[in-house]
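Asks: my_file_30.cif is reproduced below (mmCIF, C-alpha atoms).
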data_start
#
loop_
_atom_site.group_PDB
_atom_site.id
_atom_site.type_symbol
_atom_site.label_atom_id
_atom_site.label_comp_id
_atom_site.auth_asym_id
_atom_site.auth_seq_id
_atom_site.Cartn_x
_atom_site.Cartn_y
_atom_site.Cartn_z
ATOM 1 C CA MET Z 802 283.120 218.612 263.323
ATOM 2 C CA ALA Z 803 283.638 222.318 262.588
ATOM 3 C CA ALA Z 804 280.689 224.611 262.054
ATOM 4 C CA ALA Z 805 280.057 225.610 258.457
ATOM 5 C CA GLU Z 806 280.864 229.193 257.537
ATOM 6 C CA PRO Z 807 277.809 231.376 256.948
ATOM 7 C CA ARG Z 808 276.992 231.851 253.303
ATOM 8 C CA ARG Z 809 277.670 235.361 252.011
ATOM 9 C CA ARG Z 810 274.825 237.185 250.337
ATOM 10 C CA SER Z 811 275.526 238.571 246.901
ATOM 11 C CA SER Z 812 275.120 242.281 246.379
ATOM 12 C CA SER Z 813 271.934 243.271 244.601
ATOM 13 C CA SER Z 814 273.557 246.404 243.194
ATOM 14 C CA GLY Z 815 275.237 244.494 240.372
ATOM 15 C CA ARG Z 816 278.576 246.173 241.071
ATOM 16 C CA SER Z 817 281.691 244.062 241.140
ATOM 17 C CA THR Z 818 283.478 245.036 244.331
ATOM 18 C CA ASP Z 819 286.091 243.518 246.574
ATOM 19 C CA ARG Z 820 287.406 244.530 249.962
ATOM 20 C CA GLY Z 821 290.704 246.354 249.735
ATOM 21 C CA THR Z 822 293.467 246.198 252.334
ATOM 22 C CA THR Z 823 291.852 249.109 254.187
ATOM 23 C CA GLY Z 824 288.536 247.276 254.442
ATOM 24 C CA GLY Z 825 286.689 249.641 252.104
ATOM 25 C CA PRO Z 826 285.155 248.597 248.807
ATOM 26 C CA ARG Z 827 287.503 248.484 245.839
ATOM 27 C CA ARG Z 828 286.311 248.424 242.216
ATOM 28 C CA ARG Z 829 287.704 245.448 240.260
ATOM 29 C CA SER Z 830 286.749 246.489 236.769
ATOM 30 C CA GLY Z 831 284.283 248.480 234.733
ATOM 31 C CA LYS Z 832 283.675 252.169 234.280
ATOM 32 C CA GLY Z 833 285.899 254.636 236.009
ATOM 33 C CA ASN Z 834 289.181 252.787 236.488
ATOM 34 C CA ALA Z 835 292.465 253.445 234.662
ATOM 35 C CA ALA Z 836 292.329 250.373 232.404
ATOM 36 C CA TRP Z 837 288.808 251.290 231.307
ATOM 37 C CA ALA Z 838 289.919 254.869 230.538
ATOM 38 C CA ILE Z 839 292.861 253.636 228.442
ATOM 39 C CA ARG Z 840 290.670 251.253 226.436
ATOM 40 C CA SER Z 841 288.115 253.990 225.858
ATOM 41 C CA ALA Z 842 290.738 256.522 224.689
ATOM 42 C CA VAL Z 843 292.445 254.031 222.355
ATOM 43 C CA GLU Z 844 289.213 252.757 220.783
ATOM 44 C CA GLN Z 845 287.790 256.216 220.097
ATOM 45 C CA LEU Z 846 291.057 257.655 218.751
ATOM 46 C CA GLN Z 847 291.462 254.660 216.442
ATOM 47 C CA GLU Z 848 287.950 255.208 215.099
ATOM 48 C CA LEU Z 849 288.683 258.881 214.368
ATOM 49 C CA LEU Z 850 292.174 258.469 212.887
ATOM 50 C CA GLY Z 851 291.716 255.142 211.114
ATOM 51 C CA ARG Z 852 295.019 253.932 212.601
ATOM 52 C CA ALA Z 853 295.592 251.636 215.553
ATOM 53 C CA PRO Z 854 297.416 253.329 218.431
ATOM 54 C CA GLU Z 855 300.594 251.547 219.504
ATOM 55 C CA SER Z 856 300.700 252.504 223.172
ATOM 56 C CA VAL Z 857 299.536 254.864 225.893
ATOM 57 C CA SER Z 858 302.454 256.790 227.360
ATOM 58 C CA ALA Z 859 300.553 258.769 230.007
ATOM 59 C CA LEU Z 860 297.218 258.737 231.811
ATOM 60 C CA LYS Z 861 295.885 261.306 234.259
ATOM 61 C CA SER Z 862 292.628 261.461 236.169
ATOM 62 C CA THR Z 863 291.067 264.929 236.115
ATOM 63 C CA GLU Z 864 288.039 266.506 237.792
ATOM 64 C CA ALA Z 865 286.139 266.234 234.499
ATOM 65 C CA GLY Z 866 287.307 262.721 233.518
ATOM 66 C CA TRP Z 867 290.633 261.515 232.077
ATOM 67 C CA GLU Z 868 293.540 262.716 229.902
ATOM 68 C CA ALA Z 869 295.715 260.237 228.018
ATOM 69 C CA ASP Z 870 298.755 260.584 225.754
ATOM 70 C CA VAL Z 871 298.478 258.001 222.995
ATOM 71 C CA GLU Z 872 301.302 257.042 220.596
ATOM 72 C CA VAL Z 873 300.284 256.423 216.966
ATOM 73 C CA LEU Z 874 302.270 255.304 213.906
ATOM 74 C CA GLU Z 875 301.578 258.047 211.331
ATOM 75 C CA LEU Z 876 303.909 257.062 208.489
ATOM 76 C CA GLU Z 877 305.583 253.679 208.135
ATOM 77 C CA ARG Z 878 309.080 253.750 206.644
ATOM 78 C CA VAL Z 879 312.010 251.414 206.079
ATOM 79 C CA PRO Z 880 314.021 251.071 208.212
ATOM 80 C CA GLU Z 881 311.473 251.027 211.011
ATOM 81 C CA THR Z 882 313.484 253.481 213.119
ATOM 82 C CA THR Z 883 312.699 256.231 210.576
ATOM 83 C CA SER Z 884 308.917 255.734 210.763
ATOM 84 C CA VAL Z 885 307.006 258.847 211.845
ATOM 85 C CA MET Z 886 305.194 258.595 215.180
ATOM 86 C CA ALA Z 887 302.828 261.054 216.849
ATOM 87 C CA THR Z 888 301.618 261.674 220.364
ATOM 88 C CA TYR Z 889 297.946 262.589 220.722
ATOM 89 C CA ARG Z 890 296.451 264.086 223.900
ATOM 90 C CA VAL Z 891 292.985 262.586 224.352
ATOM 91 C CA THR Z 892 290.499 264.100 226.807
ATOM 92 C CA LEU Z 893 287.597 261.976 228.042
ATOM 93 C CA ASP Z 894 284.636 263.024 230.163
ATOM 94 C CA GLU Z 895 283.584 261.048 233.262
ATOM 95 C CA LYS Z 896 281.483 258.721 231.073
ATOM 96 C CA GLY Z 897 284.491 257.887 228.897
ATOM 97 C CA ASP Z 898 283.299 259.859 225.875
ATOM 98 C CA LEU Z 899 285.991 261.635 223.889
ATOM 99 C CA VAL Z 900 285.562 265.398 224.168
ATOM 100 C CA GLU Z 901 288.854 266.528 222.619
ATOM 101 C CA TYR Z 902 291.972 265.214 220.944
ATOM 102 C CA ARG Z 903 294.989 266.954 219.479
ATOM 103 C CA ARG Z 904 298.407 266.005 218.180
ATOM 104 C CA THR Z 905 301.043 267.334 220.553
ATOM 105 C CA ARG Z 906 304.209 265.895 219.018
ATOM 106 C CA ARG Z 907 305.630 264.206 215.883
ATOM 107 C CA TYR Z 908 308.911 262.326 215.967
ATOM 108 C CA SER Z 909 310.929 259.516 214.377
ATOM 109 C CA ARG Z 910 310.442 256.136 216.030
ATOM 110 C CA GLY Z 911 314.179 255.889 216.710
ATOM 111 C CA GLN Z 912 314.362 259.304 218.389
ATOM 112 C CA ILE Z 913 315.276 259.394 222.062
ATOM 113 C CA ASP Z 914 314.144 262.256 224.312
ATOM 114 C CA ARG Z 915 317.049 264.004 225.956
ATOM 115 C CA LEU Z 916 316.586 265.296 229.479
ATOM 116 C CA GLY Z 917 318.157 268.503 230.707
#
Translate the structure described by the file into structure tokens.

Replies:
Amino acid sequence: MAAAEPRRRSSSSGRSTDRGTTGGPRRRSGKGNAAWAIRSAVEQLQELLGRAPESVSALKSTEAGWEADVEVLELERVPETTSVMATYRVTLDEKGDLVEYRRTRRYSRGQIDRLG
């Protein structure tokens, strides 16, 4: 009969961690990760604008928190490809609180960016 594996003690810190491939702790969810930052940016921008954002096209971690580019439908038209979209740059502090937002671009939904 094989010996039973020792029972692992749960962490008393309340943090949800896992061991990454390097052996160090890795955060699964909660404050501070990219998914949390996206949710925070989208929720707060929606509250301010009164419109539901459609997507997040960029996310960047900064020394002070996070910056996200969020795409929002500003004016719905028929056909859909002529609807007016906008990109908003949202800046969050390290706690996830919105400290700044500004519209950086307006465009038709059917518009394609050309490189070069």

Asks: Counting only C-alpha atoms, which residue out of Z:Leu899, Z:Thr905, Z:Leu916, Z:Leu874 sits closest to Glu844 (chain Z)?

Replies: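 Distance minimum relative to Glu844 (chain Z) lands on Z:Leu899.
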
Asks: Return the single residue from Z:Ala865, Z:Leu850, Z:Ile839, Z:Val873 that is closest to Ala887 (chain Z), with distances computed using all atoms listed in the file.

Replies: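 The shortest atom-to-atom distance to Ala887 (chain Z) comes from Z:Val873.
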
Asks: Between Z:Pro880, Z:Gly833, Z:Gly866, Z:Gly851, which residue has the minimum interatomic distance to Gly911 (chain Z), considering all atoms listed in the file?

Replies: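 The shortest atom-to-atom distance to Gly911 (chain Z) comes from Z:Pro880.
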
Asks: In the coordinates of the file, take the point (287.2, 261.5, 231.5) and a cut-off of 8 Å; then, counting only C-alpha atoms, name each qualifying protein, DNA or RNA residue as a PyMOL selection string.

Replies: chain Z and resi 838+862-863+865-868+892-899

Asks: Limited to C-alpha atoms, could you put the picked residues into a file as a PDB file, keeping the file's coordinate frame?

Replies:
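Once everything was written out, this is selection_33.pdb:
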ATOM      1  CA  ALA Z 838     289.919 254.869 230.538  1.00  0.00           C
ATOM      2  CA  SER Z 862     292.628 261.461 236.169  1.00  0.00           C
ATOM      3  CA  THR Z 863     291.067 264.929 236.115  1.00  0.00           C
ATOM      4  CA  ALA Z 865     286.139 266.234 234.499  1.00  0.00           C
ATOM      5  CA  GLY Z 866     287.307 262.721 233.518  1.00  0.00           C
ATOM      6  CA  TRP Z 867     290.633 261.515 232.077  1.00  0.00           C
ATOM      7  CA  GLU Z 868     293.540 262.716 229.902  1.00  0.00           C
ATOM      8  CA  THR Z 892     290.499 264.100 226.807  1.00  0.00           C
ATOM      9  CA  LEU Z 893     287.597 261.976 228.042  1.00  0.00           C
ATOM     10  CA  ASP Z 894     284.636 263.024 230.163  1.00  0.00           C
ATOM     11  CA  GLU Z 895     283.584 261.048 233.262  1.00  0.00           C
ATOM     12  CA  LYS Z 896     281.483 258.721 231.073  1.00  0.00           C
ATOM     13  CA  GLY Z 897     284.491 257.887 228.897  1.00  0.00           C
ATOM     14  CA  ASP Z 898     283.299 259.859 225.875  1.00  0.00           C
ATOM     15  CA  LEU Z 899     285.991 261.635 223.889  1.00  0.00           C
TER      16      LEU Z 899
END

Asks: Compare Z:Glu864, Z:Glu872, Z:Glu848, Z:Asp914 by their minimum atom-to-atom distance to Thr888 (chain Z), counting only C-alpha atoms, and give me the closest one.

Replies: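 The closest residue to Thr888 (chain Z) is Z:Glu872.
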
Asks: Compile the contact shell of Thr883 (chain Z) as number ranges by chain: residues with an atom at most 7 Å away, counting all atoms listed in the file, same-chain residues fewer than 2 positions apart removed.

Replies: Z: 878-881, 885, 909-911

Asks: Could you state which residues are captured by the PyMOL selection byres ((chain Z and resi 890) around 6) in this file, as number ranges by chain?

Replies: Z: 869-870, 889, 891, 902-903

Asks: Pick out the residues sitting within 10 Å of Glu855 (chain Z), and hand them over as a list in words; count only C-alpha atoms, and ignore anything fewer than 2 positions along from it in its own chain.

Replies: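 In the requested form, the answer reads Val843, Arg852, Ala853, Val857, Ser858, Val871, Glu872, Val873, Leu874 and Met886 of chain Z.
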
Asks: Please report, as AutoDock Vina command-line options, the centre and edge lengths in Å to one decimal of an axis-aligned box covering all listed atoms of region 874-892 of chain Z with 4 Å per side.

Replies:
--center_x 302.3 --center_y 257.6 --center_z 216.4 --size_x 31.5 --size_y 21.1 --size_z 28.7

Asks: Counting all atoms listed in the file, figure out which residue out of Z:Gln845, Z:Glu875, Z:Thr882, Z:Ala835 gets nearest to Arg904 (chain Z).

Replies: Z:Glu875

Asks: Hey, which of Z:Arg907, Z:Ile913, Z:Glu901, Z:Ala836 ends up closest to Leu849 (chain Z)? Count only C-alpha atoms.

Replies: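 Nearest candidate to Leu849 (chain Z) out of Z:Arg907, Z:Ile913, Z:Glu901, Z:Ala836: Z:Glu901.
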
Asks: Please measure the separation of CA of Ala842 (chain Z) and CA of Glu877 (chain Z), giving the value in Å to one decimal.

Replies: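 CA of Ala842 (chain Z) sits 22.4 Å away from CA of Glu877 (chain Z).
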